[in-house]
>>> print(open('entry.cif').read())   # mmCIF, C-alpha atoms
data_entry
loop_
_atom_site.label_atom_id
_atom_site.label_comp_id
_atom_site.auth_asym_id
_atom_site.auth_seq_id
_atom_site.Cartn_x
_atom_site.Cartn_y
_atom_site.Cartn_z
CA MET A 1 42.05 -92.61 49.41
CA LYS A 2 39.83 -91.27 46.72
CA LYS A 3 37.02 -88.81 47.56
CA LYS A 4 33.62 -89.71 46.31
CA ILE A 5 31.86 -86.94 44.32
CA ASN A 6 28.41 -86.34 45.70
CA TYR A 7 26.36 -85.67 42.54
CA PRO A 8 22.99 -85.15 44.25
CA TYR A 9 24.42 -82.17 46.18
CA ILE A 10 25.93 -80.67 43.04
CA ILE A 11 22.67 -81.06 41.13
CA ALA A 12 20.70 -79.60 44.04
CA GLY A 13 23.14 -76.66 44.22
CA VAL A 14 22.78 -75.95 40.49
CA ILE A 15 18.99 -76.14 40.76
CA ILE A 16 19.01 -73.72 43.69
CA VAL A 17 21.30 -71.24 41.87
CA VAL A 18 19.16 -71.39 38.72
CA GLY A 19 15.98 -71.03 40.79
CA VAL A 20 17.32 -67.98 42.62
CA TRP A 21 18.45 -66.46 39.32
CA LEU A 22 14.96 -67.05 37.82
CA VAL A 23 13.25 -65.38 40.79
CA ILE A 24 15.60 -62.40 40.74
CA THR A 25 15.23 -61.98 36.98
CA TYR A 26 11.45 -62.27 37.16
CA ASN A 27 11.26 -59.63 39.90
CA PHE A 28 13.53 -57.32 37.93
CA LEU A 29 11.37 -57.71 34.81
CA VAL A 30 8.24 -56.96 36.83
CA LYS A 31 9.91 -53.86 38.29
CA LYS A 32 10.82 -52.57 34.83
CA GLU A 33 7.33 -53.32 33.49
CA GLU A 34 5.76 -51.44 36.39
CA LEU A 35 8.07 -48.49 35.69
CA VAL A 36 6.76 -48.42 32.11
CA LYS A 37 3.20 -48.36 33.47
CA LEU A 38 4.10 -45.58 35.90
CA GLN A 39 5.61 -43.48 33.13
CA TRP A 40 2.53 -44.08 30.99
CA SER A 41 0.42 -42.79 33.89
CA GLU A 42 2.53 -39.63 33.90
CA VAL A 43 1.81 -39.14 30.18
CA GLN A 44 -1.88 -39.65 30.89
CA ASN A 45 -1.74 -37.11 33.73
CA ALA A 46 -0.13 -34.51 31.46
CA TYR A 47 -2.72 -35.15 28.75
CA GLN A 48 -5.51 -34.89 31.31
CA ARG A 49 -4.12 -31.58 32.52
CA ARG A 50 -4.28 -30.29 28.95
CA LEU A 51 -7.86 -31.56 28.67
CA ASP A 52 -8.79 -29.79 31.92
CA ILE A 53 -7.29 -26.45 30.91
CA VAL A 54 -8.78 -26.23 27.40
CA PRO A 55 -12.40 -25.59 28.57
CA ASN A 56 -11.16 -22.63 30.61
CA LEU A 57 -9.40 -21.29 27.53
CA VAL A 58 -12.55 -21.71 25.49
CA SER A 59 -14.70 -19.93 28.07
CA ILE A 60 -12.28 -16.99 28.30
CA VAL A 61 -12.19 -16.62 24.53
CA GLN A 62 -15.97 -17.02 24.23
CA GLY A 63 -16.47 -13.98 26.37
CA GLY A 64 -14.16 -11.78 24.32
CA ALA A 65 -14.38 -13.10 20.78
CA GLU A 66 -18.01 -13.55 19.85
CA TYR A 67 -17.41 -14.02 16.12
CA GLU A 68 -15.01 -16.96 16.34
CA LYS A 69 -17.55 -19.69 17.08
CA SER A 70 -16.24 -22.16 14.46
CA VAL A 71 -12.75 -22.08 15.97
CA LEU A 72 -14.15 -22.61 19.46
CA GLN A 73 -16.34 -25.45 18.20
CA LYS A 74 -13.31 -27.21 16.65
CA VAL A 75 -11.40 -26.95 19.92
CA THR A 76 -14.37 -28.31 21.85
CA GLU A 77 -14.83 -31.21 19.42
CA ALA A 78 -11.12 -32.08 19.46
CA ARG A 79 -11.15 -32.06 23.26
CA ALA A 80 -14.20 -34.31 23.37
CA LYS A 81 -12.57 -36.83 21.00
CA ALA A 82 -9.31 -36.80 22.97
CA ALA A 83 -11.18 -37.27 26.24
CA SER A 84 -13.27 -40.13 24.87
CA LEU A 85 -10.33 -42.48 24.30
CA TYR A 86 -9.76 -44.71 27.28
CA ILE A 87 -6.63 -46.82 27.19
CA GLY A 88 -6.60 -48.32 30.66
CA LYS A 89 -4.13 -51.20 30.94
CA ASP A 90 -3.82 -51.75 27.19
CA LEU A 91 -0.24 -50.59 26.76
CA SER A 92 -0.05 -51.26 23.03
CA ALA A 93 1.68 -49.12 20.44
CA ASP A 94 -1.61 -48.81 18.53
CA LYS A 95 -3.32 -47.25 21.55
CA PHE A 96 -0.37 -44.92 22.20
CA ASN A 97 -0.42 -43.73 18.63
CA GLU A 98 -4.21 -43.41 18.55
CA GLN A 99 -4.06 -41.18 21.60
CA THR A 100 -1.18 -39.22 20.08
CA VAL A 101 -3.27 -38.49 16.99
CA LEU A 102 -6.20 -37.26 19.10
CA GLN A 103 -3.95 -35.17 21.34
CA ASN A 104 -2.25 -33.68 18.26
CA GLU A 105 -5.67 -32.75 16.87
CA LEU A 106 -6.49 -31.02 20.15
CA ALA A 107 -3.16 -29.17 20.15
CA GLY A 108 -3.69 -28.14 16.52
CA ALA A 109 -7.18 -26.82 17.27
CA ALA A 110 -5.82 -24.96 20.30
CA ASN A 111 -3.07 -23.48 18.11
CA ASN A 112 -5.72 -22.21 15.69
CA LEU A 113 -7.49 -20.66 18.65
CA MET A 114 -4.28 -18.96 19.76
CA ILE A 115 -3.79 -17.57 16.25
CA THR A 116 -7.34 -16.26 16.36
CA ILE A 117 -6.67 -14.59 19.69
CA GLU A 118 -3.96 -12.53 17.96
CA ASN A 119 -6.88 -10.51 16.50
CA TYR A 120 -8.05 -9.60 20.01
CA PRO A 121 -5.25 -7.74 21.81
CA ILE A 122 -7.53 -6.76 24.68
CA LEU A 123 -8.34 -10.43 25.32
CA ARG A 124 -4.66 -11.38 25.10
CA GLY A 125 -3.84 -8.89 27.81
CA THR A 126 -6.40 -10.04 30.38
CA LYS A 127 -5.11 -11.52 33.61
CA ALA A 128 -7.19 -14.68 33.15
CA PHE A 129 -5.79 -15.34 29.68
CA VAL A 130 -2.19 -14.66 30.70
CA GLY A 131 -2.52 -17.04 33.66
CA LEU A 132 -4.09 -19.71 31.48
CA GLN A 133 -1.38 -19.26 28.87
CA ALA A 134 1.29 -19.89 31.54
CA GLN A 135 -0.52 -23.04 32.68
CA LEU A 136 -0.77 -24.35 29.13
CA GLU A 137 2.90 -23.64 28.45
CA GLY A 138 3.81 -25.60 31.58
CA THR A 139 1.51 -28.43 30.52
CA GLU A 140 3.13 -28.65 27.08
CA ARG A 141 6.54 -28.95 28.75
CA ARG A 142 5.17 -31.66 31.05
CA ILE A 143 3.81 -33.60 28.09
CA LYS A 144 7.19 -33.51 26.35
CA VAL A 145 9.04 -34.66 29.46
CA ALA A 146 6.48 -37.37 30.28
CA ARG A 147 6.62 -38.78 26.75
CA LYS A 148 10.42 -38.75 26.79
CA ASP A 149 10.51 -40.51 30.18
CA PHE A 150 7.97 -43.06 28.95
CA ASN A 151 10.02 -43.88 25.87
CA GLU A 152 13.15 -44.18 28.02
CA ALA A 153 11.36 -46.58 30.39
CA ILE A 154 10.30 -48.69 27.41
CA ALA A 155 13.84 -48.67 26.02
CA ASN A 156 15.22 -49.85 29.37
CA TYR A 157 12.56 -52.55 29.63
CA ASN A 158 13.15 -53.72 26.05
CA SER A 159 16.92 -53.90 26.50
CA LEU A 160 16.35 -56.15 29.48
CA VAL A 161 13.71 -58.32 27.77
CA ARG A 162 15.79 -58.73 24.62
CA GLY A 163 19.19 -59.19 26.30
CA PHE A 164 20.75 -62.57 26.93
CA PRO A 165 20.23 -64.52 29.20
CA THR A 166 17.24 -62.56 30.48
CA LYS A 167 15.55 -63.12 27.14
CA ILE A 168 15.15 -66.78 28.04
CA VAL A 169 13.34 -66.01 31.29
CA ALA A 170 11.28 -63.25 29.66
CA GLY A 171 10.14 -65.63 26.93
CA ILE A 172 9.24 -68.38 29.38
CA LEU A 173 7.34 -66.02 31.70
CA GLY A 174 5.52 -64.05 28.98
CA PHE A 175 7.36 -60.73 28.99
CA HIS A 176 7.46 -59.22 25.50
CA SER A 177 9.05 -56.15 23.95
CA MET A 178 6.93 -52.99 23.95
CA GLU A 179 6.74 -50.05 21.60
CA GLY A 180 6.58 -46.45 22.71
CA PHE A 181 5.46 -43.40 20.82
CA GLN A 182 6.25 -43.55 17.14
CA SER A 183 6.52 -40.43 15.06
CA ASP A 184 4.87 -40.30 11.67
CA ALA A 185 7.10 -40.41 8.63
CA GLY A 186 8.60 -36.98 8.08
CA SER A 187 7.65 -35.60 11.48
CA ASP A 188 10.28 -34.97 14.05
CA LYS A 189 8.06 -33.92 16.95
CA SER A 190 4.47 -33.96 18.09
CA VAL A 191 2.15 -31.01 17.87
CA GLU A 192 2.16 -28.74 20.87
CA ILE A 193 0.20 -25.65 21.73
CA ASN A 194 2.16 -22.58 20.63
CA PHE A 195 1.79 -19.10 22.11
CA LYS A 196 3.83 -17.02 19.71
#
>>> encode(input="entry.cif", output="structure tokens")
Amino acid sequence: MKKKINYPYIIAGVIIVVGVWLVITYNFLVKKEELVKLQWSEVQNAYQRRLDIVPNLVSIVQGGAEYEKSVLQKVTEARAKAASLYIGKDLSADKFNEQTVLQNELAGAANNLMITIENYPILRGTKAFVGLQAQLEGTERRIKVARKDFNEAIANYNSLVRGFPTKIVAGILGFHSMEGFQSDAGSDKSVEINFK
């Protein structure tokens, strides 16, 4: 006696397996995309911390270095420009790089301020300045780590989006590769506030 193959059950089984695979893949892509957004928030938090500390630095220096107004003005202007850029949910490489440029300008202006402070040893030795210097050093480390973690999250996301067979689901459901921070030609790291 020959067994009859029940094609409707086989087709239904394949459809169920493919459907489950699509759901699992979609959820995994969403999880990786949300991780990228979380890491971007960490970068934003570190940048915001820098923005919050700089006015304190300016006010400490203003009290002890009356003749350095142009340096203080440049720091204040760079901070205002960096604070004015709002990225929100626009996780595009152009926005990342635009913010990087503004943050690098702020770090460069702060570095010029630190160089200027070298001329004021009494100011350098104050408790307020030393405490602020420690906070800024910690913030610069946080920025480096946050940017590294962000780029790693994007690399993980992109490897998933571009890998087969996930690439098929990603394309159908609208998940696209992302770009992280890009360094300028000839630069091997971003500007950070230096204290030496």
>>> closest_residue(input="entry.cif", among="A:Phe96, A:Ile168, A:Met178, A:Ala80", to="Trp21 in chain A", atoms="all atoms listed in the file")
A:Ile168
>>> resolve_selection(input="entry.cif", expression="the PyMOL selection byres ((chain A and resi 103-108) around 12)", output="NGL selection string")
:A and (43-44 or 46-51 or 53-55 or 71-85 or 96-102 or 109-115 or 136-137 or 139-140 or 143 or 183-184 or 189-195)
>>> atom_distance(input="entry.cif", atom1="CA of Ile60 in chain A", atom2="CA of Phe129 in chain A")
6.8 Å
>>> closest_residue(input="entry.cif", among="A:Ala170, A:Arg162, A:Val20, A:Ile154", to="Glu34 in chain A", atoms="all atoms listed in the file")
A:Ile154
>>> atom_distance(input="entry.cif", atom1="CA of Leu57 in chain A", atom2="CA of Leu132 in chain A")
6.8 Å
>>> resolve_selection(input="entry.cif", expression="the PyMOL selection byres ((chain A and resi 179) around 12)", output="short mmCIF file (atom, residue, chain, number, x, y, z; two decimals) with C-alpha atoms, in the coordinates of the input")
data_model
loop_
_atom_site.label_atom_id
_atom_site.label_comp_id
_atom_site.auth_asym_id
_atom_site.auth_seq_id
_atom_site.Cartn_x
_atom_site.Cartn_y
_atom_site.Cartn_z
CA VAL A 36 6.76 -48.42 32.11
CA TRP A 40 2.53 -44.08 30.99
CA LEU A 91 -0.24 -50.59 26.76
CA SER A 92 -0.05 -51.26 23.03
CA ALA A 93 1.68 -49.12 20.44
CA ASP A 94 -1.61 -48.81 18.53
CA LYS A 95 -3.32 -47.25 21.55
CA PHE A 96 -0.37 -44.92 22.20
CA ASN A 97 -0.42 -43.73 18.63
CA PHE A 150 7.97 -43.06 28.95
CA ASN A 151 10.02 -43.88 25.87
CA GLU A 152 13.15 -44.18 28.02
CA ALA A 153 11.36 -46.58 30.39
CA ILE A 154 10.30 -48.69 27.41
CA ALA A 155 13.84 -48.67 26.02
CA ASN A 156 15.22 -49.85 29.37
CA TYR A 157 12.56 -52.55 29.63
CA ASN A 158 13.15 -53.72 26.05
CA SER A 159 16.92 -53.90 26.50
CA HIS A 176 7.46 -59.22 25.50
CA SER A 177 9.05 -56.15 23.95
CA MET A 178 6.93 -52.99 23.95
CA GLY A 180 6.58 -46.45 22.71
CA PHE A 181 5.46 -43.40 20.82
CA GLN A 182 6.25 -43.55 17.14
CA SER A 183 6.52 -40.43 15.06
#
>>> residues_near_point(input="entry.cif", point="(9.8, -71.9, 31.4)", cutoff="12 Å", atoms="all atoms listed in the file", output="list in words")
Val18, Gly19, Leu22, Val23, Tyr26, Thr166, Lys167, Ile168, Val169, Ala170, Gly171, Ile172, Leu173, Gly174 and Phe175 of chain A
>>> atom_distance(input="entry.cif", atom1="CA of Ile11 in chain A", atom2="CA of Pro165 in chain A")
20.5 Å
>>> closest_residue(input="entry.cif", among="A:Ile87, A:Val161, A:Lys148, A:Val61", to="Leu123 in chain A", atoms="all atoms listed in the file")
A:Val61
>>> closest_residue(input="entry.cif", among="A:Ala134, A:Leu160, A:Leu38, A:Val30", to="Arg147 in chain A", atoms="only C-alpha atoms")
A:Leu38
